[in-house]
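> Please read through the structure below; I'll follow up with questions.
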Amino acid sequence: MSRTPGTPEAQAPDEPEQHEPEERVKAPLTGTIPVQPASTRQMSHKEILEALTGILAGFFASMLSINIVVTALPVIVNNLGGNQIQYSWVLTGTLLANAATTPIWGKMADLVDKKKLIQLTLLIFIAGSIIAGAAPNMEMLIAGRVVQGIGVGGLGALSMAIMGAIISPRERGRYAGYMGAVMATATAAGPLLGGLIVDTIGWRWTFWVGVPLAVLAMVVIAKTLKLVHHRREVHIDWWGATLLALATCLLLIWVSFAGNPDYFPWVSWQSAALVGAVLVLVVLFLMVESRSKEPVMRLGIFRSRTTLLAIIAAVSSAVLMFSLPAYLGLYFQNGRGLEPTASGLLTLPLIAGNLIGSIATGQLITRYGRWKIYLVVGSTVAVAATFWLASVDEATLFWVIGVKIFLVGLGLGMVVQNVMLAVQNTVSVTEIGAASAAVAFFRTVGGAIGNSVLGSIMAIQLIGAASAQQMSSIYSSGSGTLFLAAAFIALPTVVAVLLIKEVPLRRTV
């Protein structure tokens, strides 16, 4: 069914208006990359659910790969004869590749065929997973994790960009809830699944377990994702992409290693050199982007109050999403003496809360069209519950901890994906990929910074601990200090969402 532009027509919420696809226009061979913006036909609710199954399968596999190795790393490093530096780089390598490439993937999503691009990222992720799982030494393992991280960055950026291209903001709430639930489940369940795999079929499967899911995702996407495009010509900003990647890598190297007793202090010549290099690269990046016809990260999006406040909220809340599961694991295992599997089971309330918050909020947003109230309530609940969690010690009852982390998860579920929804609602369809990737990029950087700060706090508390009993006591009683710091880091989220202006969700893509 077609309609005249500017003439709205009523339509059922589950069956978006249908349009006939335009004929694809061929571009001349000029040496530039043919670009394919938005579809002229909206997919039906059934078609969206079918395609979303493949997208979320790939997204789940990518998010799971980040944390699943946490509980397996001691075994892996011992088996491959690694050292502490290599131990750190198994995690840092993936984080660096993920953060450095996310904005590039996001911009590419606005320039080329999203369907082919997400299949390419799945292939990269599969290759990295196979390499890491088959690694005969630590060097090959780290290389595989870097390749895996490139795929993870692409899957995150492309998943959000495709959702933005096929679903209107008003309808996007419920689907964003599904994505938020998948993200939270994969992040929190990773350590649990990793512990089970190590205890049963061996550590190599912590890398290979995501491969079948990624292959399934490729098949489902190939059969169900329907994006119709017409082409235009653009130039890729390779200089900007390179400068951004270098700046991101140096920044994350600094926040990952500074304050660690095995590397260098926060105040040192190494820190000064890294920070100075990052600042120089950022200035060069801004100069290049301001002159580029197709910048990797269009600077104009930061003039939007909604986007700027959403980025602040994403950065400050990232410490709860990325760091809390890992440090809860340290508290349960090193502080309370539990096995990895038992430790993972005790984080299930965090997953449950996030699932309920994500899915329920998404449905309510789609039904009523209001979103700010959920950001305010969710961020307040998550931060307040984290302050409450700071009271844990070696005698805190496990069910009490379960209630606390359930509330943290519930609040996060109401915030994480809906911050992205607020941004996507304010940009055109041709910029959804870059805008979404910008939020995801800063969220990843925020998570890395928060994780580094918490790690430094724990390292300081462990100074002077000579026996295993002393260390166990510090992990059990000192974890409260970590959670208190996490609550203060996340506090700006509440302020940011309070200041966001609620813009009605549009019903068109």
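Labeling convention for the structure tokens: chains A, B, ... as they appear, residues from 1 per chain, ligands from 1 in order of appearance.
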Run DSSP on the backbone of this structure and report the residues of range 236-434 of chain A it assigns to alpha helix (DSSP H), as a PyMOL selection string.

chain A and resi 238-257+269-291+305-318+324-330+340-345+348-368+372-389+398-424+432-434

> Near Leu56 in chain A, counting only C-alpha atoms, which residues have an atom at most 8 Å away, once you skip same-chain residues fewer than 2 positions from it, shown as a list in words?

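Residues near the query, excluding close chain neighbours: Leu52, Thr53, Gly54, Gly58, Phe59, Phe60, Ser159, Met179, Val182 and Ala217 of chain A.
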
> Any idea what the distance is between CA of Leu227 in chain A and CA of Lys46 in chain A?

14.9 Å

> Give one line per residue of range 143-223 of chain A that approaches range 87-104 of chain A to at most 12 Å, naming the two atoms of the closest pair and their distance in Å to one decimal, counting only C-alpha atoms; sort by chain then ascending residue number and deliver it as a Markdown table.


```
| residue | atom | partner | partner_atom | distance |
| --- | --- | --- | --- | --- |
| A:Ala143 | CA | A:Gly93 | CA | 7.9 |
| A:Gly144 | CA | A:Thr94 | CA | 8.8 |
| A:Arg145 | CA | A:Thr94 | CA | 5.3 |
| A:Val146 | CA | A:Thr94 | CA | 4.9 |
| A:Val147 | CA | A:Ala97 | CA | 7.4 |
| A:Gln148 | CA | A:Thr94 | CA | 6.6 |
| A:Gly149 | CA | A:Thr94 | CA | 4.3 |
| A:Ile150 | CA | A:Ala97 | CA | 5.1 |
| A:Gly151 | CA | A:Asn98 | CA | 7.5 |
| A:Val152 | CA | A:Asn98 | CA | 5.9 |
| A:Gly153 | CA | A:Asn98 | CA | 4.3 |
| A:Gly154 | CA | A:Thr102 | CA | 5.9 |
| A:Leu155 | CA | A:Thr102 | CA | 8.7 |
| A:Gly156 | CA | A:Thr102 | CA | 7.5 |
| A:Ala157 | CA | A:Thr102 | CA | 6.0 |
| A:Leu158 | CA | A:Thr102 | CA | 9.1 |
| A:Ser159 | CA | A:Thr102 | CA | 11.5 |
| A:Met160 | CA | A:Thr102 | CA | 11.4 |
| A:Ala161 | CA | A:Pro103 | CA | 11.6 |
| A:Phe207 | CA | A:Val90 | CA | 11.8 |
```
